[in-house]
Structure formats: C-alpha cells, structure tokens
Amino acid sequence: MSENTEIRKGLNGVVADVSAISKVNSETNSLLYRGYPVPELAATQSFEAVAYLLWNGELPTADQLSEAVAHERSHRALDEQVRTALDALPADCHPMDSLRTAVSVLGAVDPTAQDSSPEAEREKARRLFAQLPAVIAYEQRRRRAGGATEPVAPREDLDYAQNFLWMTFGEEAAPEVVDAFRVSMVLYAEHSFNASTFTARVITSTLSDLHSAVAGAIGALKGPLHGGANEAVMHTFDEIGIRPEESEQEAKERARAWMEDALAQKKKVMGFGHRVYKHGDSRVPTMKEALDALIAHAGRSEILGLYNGLEQAMDEAKGIKPNLDYPAGPIYHLMGFDTEMFTPLFVAARITGWTAHIMEQRADNALIRPLSQYDGPEERAVPST
C-alpha cells in the first residue's frame with residue numbers, strides 16, 4: 001500500500017457488492033424496491049405485500065399474500081422468555097437496548113438458529129417480522145408502567161398496522177392513523193447499503209447466524225447519525241416547544257427563529273440532508289402527505305407550523321432538504337408513541353430489508369474484510385527495563 005492510496009472515509013463512494021433488492025435511481029431521484037417505485041408501493045400495497053416483495057423479488061399473488069398474512073398473524077404473540085428478559089431490564093433503559101436483547105433471546109431459543117439453508121433463513125425472517133411488533137408494543141407499555149406489566153394480546157382479525165397499534169395502545173386506531181403507520185413502514189423498509197444493512201451483511205459474511213446479524217444491525221441503527229435521527233427531530237420540536245394552543249403561523253415563526261439561531265451557532269440539526277440524495281430524499285413527499293393527513297385528523301396545526309418553519313429556514317440558509325426522519329418524528333409523536341420508541345419502529349420496518357440482504361449475502365458470500373492504511377509509529381524496539 002503506497003502513500004498515494006486513496007482513503008475513502010466512511011467508505012464514501014465505494015461500491016462494495018451488487019444487490020437486486022433496492023436502488024436509488026439518480027435519473028429520477030427515486031427509490032426502487034425490486035424495480036418498483038416506493039411511492040407507488042406506499043400508495044397501493046400493504047406492508048405484508050412489500051415484505052413479501054423484498055424477500056422474494058416479486059409482489060405476491062392473491063393466494064401468496066393470503067398465506068403470508070396468515071403466517072404473520074399466527075406468530076404475533078409475545079414470547080414468554082422474551083417477556084421475562086425484558087422485565088429484567090431497567091424500565092428506563094433505551095428501548096433499542098431492549099429490542100437488541102429480545103432479538104438475541106429469540107435467536108437463542110430458536111431451534112433453527114444455526115440452520116442457514118435458504119428455506120430456514122426465510123422462515124426466520126418471516127417469524128421476526130411477525131414477532132417484533134409485540135416486543136416494541138410491550139416495551140412502550142412497560143416503560144410507561146415503570147416495569148413489568150400485562151401485554152395486550154394480538155388480534156388475528158386486524159392487519160399488521162392495525163394490530164401493531166392495538167397491541168401498543170389497547171384500542172383500535174382511526175383509519176388515518178393506521179394508514180400513516182402503514183406508509184411509514186413501507187418507506188422505512190429498505191434502503192440499499194446503509195450503515196445498519198451493511199453491518200448485517202458484514203456479520204453474515206462471517207457465516208454467523210441471522211439473529212446475530214439483526215442484533216448487530218440494531219446496534220448500528222441506534223446511533224443518532226442513522227436511525228436515531230427521527231428521535232433527534234422530535235427533541236428539536238420539544239426544545240422549540242410544542243404548544244397546541246398556538247396558531248400555525250406563530251409556531252412557524254418560533255421555529256424559524258430557532259433554526260436561524262442554531263445555524264448561527266453552527267449546531268448540527270438532525271433530519272436534514274442525506275449522503276445518497278443530492279436533490280432531496282425521494283421518500284419525504286409521501287411521508288409528508290401522511291403527516292398532513294394526520295395533522296388534519298388530530299387538529300394539530302402547530303405541528304405543521306414547526307415543521308414548515310424549520311424546513312423553510314434550513315432551505316433558505318443552506319439549501320439542504322429534509323430526509324425521511326424529519327416527517328417521521330412528528331408522525332409517530334401524533335400517533336402517541338414515546339420519542340424513544342421511534343427508532344424501534346424503524347427496526348420493525350427495516351427487519352424486512354435487513355433479512356432480505358442477509359439472505360442475499362448468504363447466497364453469494366465473500367468475507368467482508370477491508371484494509372486500512374497504517375499511520376502510527378514506525379517499527380521500533382521495546383525499551384529495556
């Protein structure tokens with residue numbers, strides 16, 4: 001390795017492998033899942049159908065979707081060993097720590113954990129997809145109760161999004177809430193070689209098991225520069241102050257003033273900019289439509305004022321557009337989720353993309369082991385004593 005070797009910090013611009021799962025189409029600034037534009041999928045498909053697409057490469061037929069839905073509904077219950085493990089954790093620990101623990105427990109008790117055949121991997125992916133909502137719903141309820149509590153039993157008469165909200169809040173959600181939640185799951189499901197997905201592929205490349213790869217991906221997603229950004233967006237809203245009694249315009253003016261001050265102090269404001277998208281995150285318009293519908297349903301125009309004030313001030317000052325985490329934060333807030341639960345919701349969606357990548361890596365594996373250029377001391381002798 002010579003002194004002229006090019007170092008790509010953060011692997012920026014490095015193409016590490018090929019993938020048939022998703023693509024950012026630079027010509028149209030759009031995200032594709034298996035060739036389908038994601039806004040079209042969000043407008044027309046259930047999350048169960050999108051999960052099937054990511055795992056199998058094609059949208060399901062009516063019979064295939066019926067089987068997939070039945071399978072998901074039969075694996076929704078909270079595993080008792082997982083519940084015991086969660087109850088042993090502090091109620092105020094970060095829920096991503098709880099979720100990482102839950103996945104480790106599910107892997108430890110899964111009799112097929114070490115079976116890496118394509119059939120076993122797909123089945124484990126499907127079970128995790130069905131199991132995680134109960135974990136996340138229970139974790140929010142446990143945190144609010146200050147410790148162990150009773151979970152809300154799943155209902156087989158509800159679809160994925162309806163049941164997730166039911167297990168979390170113990171009541172049926174309004175259609176506007178359910179649809180916004182479904183849209184968010186579709187938009188968060190997959191995004192090529194992002195940090196957590198690449199982590200899952202690195203772990204898989206060592207021939208480790210699927211649950212270990214998912215646990216590692218959860219660790220990567222926890223960081224505020226990745227999945228934790230949607231939490232940080234809500235912390236920004238909280239810092240500005242959410243005042244339901246004020247008008248949209250009043251909230252907008254306060255948000256603009258806050259952003260101008262933050263930029264003057266060179267603060268990093270989360271929820272804006274994206275390494276892949278140079279002309280704005282293609283997922284944002286679809287998520288913003290869902291947010292607008294939810295704001296109208298809830299009668300919370302001050303949230304729209306905060307949102308627009310921050311967005312416009314950032315655009316005017318820096319020309320930087322929002323990323324998906326920006327509208328996701330207030331969406332989950334309006335649904336009633338605690339801010340710390342936002343990133344676990346990201347996990348519930350991205351489990352589909354992660355496991356699709358784990359299976360793709362396994363099918364054509366090469367150990368991922370990059371090099372580094374040493375810049376420490378030259379060879380030297382150990383001093384004598």
# chains A, B, ... in the order shown; residues from 1 in each chain; ligands from 1
call {"tool": "residues_around", "arguments": {"residues": "region 152-160 of chain A", "least_positions_apart": "4", "cutoff": "8 Å", "atoms": "only C-alpha atoms", "output": "compact mmCIF listing (two decimals) with C-alpha atoms, in the first residue's frame"}}
result
# COMPACT_ATOMS: atom_id res chain seq x y z
CA PHE A 47 -46.81 -3.73 4.34
CA GLU A 48 -47.21 -7.50 4.28
CA VAL A 69 -50.85 -12.75 6.09
CA GLU A 72 -47.74 -13.33 10.19
CA ARG A 73 -50.91 -13.42 12.26
CA SER A 74 -50.04 -16.84 13.69
CA ARG A 76 -47.68 -12.35 16.74
CA ALA A 77 -47.75 -13.34 20.41
CA ALA A 134 -45.28 -7.41 20.16
CA TYR A 138 -44.78 -4.26 25.19
CA PHE A 164 -49.34 -3.14 15.96
CA TRP A 166 -53.75 -2.18 19.02
CA MET A 167 -51.03 -4.01 20.98
CA THR A 168 -49.34 -0.69 21.81
CA GLY A 170 -55.03 -1.14 23.69
call {"tool": "select_by_dssp", "arguments": {"residues": "region 12-53 of chain A", "states": "alpha helix (DSSP H)", "output": "short mmCIF file (atom, residue, chain, number, x, y, z; two decimals) with C-alpha atoms, in the first residue's frame"}}
result
data_model
loop_
_atom_site.label_atom_id
_atom_site.label_comp_id
_atom_site.auth_asym_id
_atom_site.auth_seq_id
_atom_site.Cartn_x
_atom_site.Cartn_y
_atom_site.Cartn_z
CA VAL A 38 -41.54 3.13 -3.46
CA PRO A 39 -44.17 5.93 -3.55
CA GLU A 40 -46.31 3.68 -5.78
CA LEU A 41 -45.89 0.79 -3.36
CA ALA A 42 -46.82 3.02 -0.42
CA ALA A 43 -49.92 4.21 -2.26
CA THR A 44 -51.19 0.76 -3.26
CA PHE A 47 -46.81 -3.73 4.34
CA GLU A 48 -47.21 -7.50 4.28
CA ALA A 49 -47.10 -7.41 0.46
CA VAL A 50 -44.00 -5.20 0.46
CA ALA A 51 -42.25 -7.57 2.87
CA TYR A 52 -43.04 -10.45 0.51
CA LEU A 53 -41.63 -8.44 -2.39
#
call {"tool": "closest_residue", "arguments": {"among": "A:Ala298, A:Leu31, A:Ala220, A:Leu304", "to": "Val186 (chain A)", "atoms": "only C-alpha atoms"}}
result
A:Leu31
call {"tool": "residues_around", "arguments": {"residues": "Asp179 (chain A)", "least_positions_apart": "5", "cutoff": "10 Å", "atoms": "only C-alpha atoms", "output": "VMD selection string"}}
result
chain A and resid 42 to 43 46 161 to 162 173 to 174 184 to 185 290 293 to 294
call {"tool": "residues_around", "arguments": {"residues": "Ile358 (chain A)", "least_positions_apart": "6", "cutoff": "9 Å", "atoms": "only C-alpha atoms", "output": "list of chain:residue names"}}
result
A:Glu121, A:Thr197, A:Ala200, A:Arg201, A:Ile203, A:Thr204, A:Ser205, A:Leu210, A:Ala213, A:Val214
call {"tool": "residues_around", "arguments": {"residues": "Thr339 (chain A)", "least_positions_apart": "5", "cutoff": "8 Å", "atoms": "only C-alpha atoms", "output": "list in words"}}
result
Glu231, Met234, His235, Gly329, Tyr332 and His333 of chain A
call {"tool": "residues_around", "arguments": {"residues": "Asp315 (chain A)", "least_positions_apart": "4", "cutoff": "12 Å", "atoms": "only C-alpha atoms", "output": "ChimeraX atom specification"}}
result
/A:256,259-260,263,272-273,279-280,308-311,319-322
call {"tool": "closest_residue", "arguments": {"among": "A:Leu306, A:Ala189, A:Ala349, A:Ile218", "to": "Glu239 (chain A)", "atoms": "only C-alpha atoms"}}
result
A:Leu306
call {"tool": "closest_residue", "arguments": {"among": "A:Thr149, A:Glu80, A:Gly299, A:Ala20", "to": "Asn56 (chain A)", "atoms": "only C-alpha atoms"}}
result
A:Ala20
call {"tool": "closest_residue", "arguments": {"among": "A:Arg380, A:Arg83, A:His357, A:His297", "to": "Pro175 (chain A)", "atoms": "only C-alpha atoms"}}
result
A:His297
call {"tool": "atom_distance", "arguments": {"atom1": "CA of Ile136 (chain A)", "atom2": "CA of Leu345 (chain A)"}}
result
7.4 Å
call {"tool": "closest_atom_pairs", "arguments": {"of": "region 143-215 of chain A", "to": "region 8-18 of chain A", "cutoff": "10 Å", "atoms": "only C-alpha atoms", "output": "Markdown table"}}
result
| residue | atom | partner | partner_atom | distance |
| --- | --- | --- | --- | --- |
| A:Phe193 | CA | A:Ala16 | CA | 8.7 |
| A:Ala195 | CA | A:Gly10 | CA | 9.6 |
| A:Phe198 | CA | A:Ala16 | CA | 9.4 |
call {"tool": "closest_residue", "arguments": {"among": "A:Ala148, A:Ile21, A:Leu59, A:Leu165", "to": "Met359 (chain A)", "atoms": "only C-alpha atoms"}}
result
A:Ile21
call {"tool": "residues_around", "arguments": {"residues": "Ala255 (chain A)", "least_positions_apart": "3", "cutoff": "12 Å", "atoms": "only C-alpha atoms", "output": "ChimeraX atom specification"}}
result
/A:236-243,248-252,258-262,302-314
call {"tool": "closest_residue", "arguments": {"among": "A:Met341, A:Met287, A:Val105, A:Ala296", "to": "Val183 (chain A)", "atoms": "only C-alpha atoms"}}
result
A:Met287
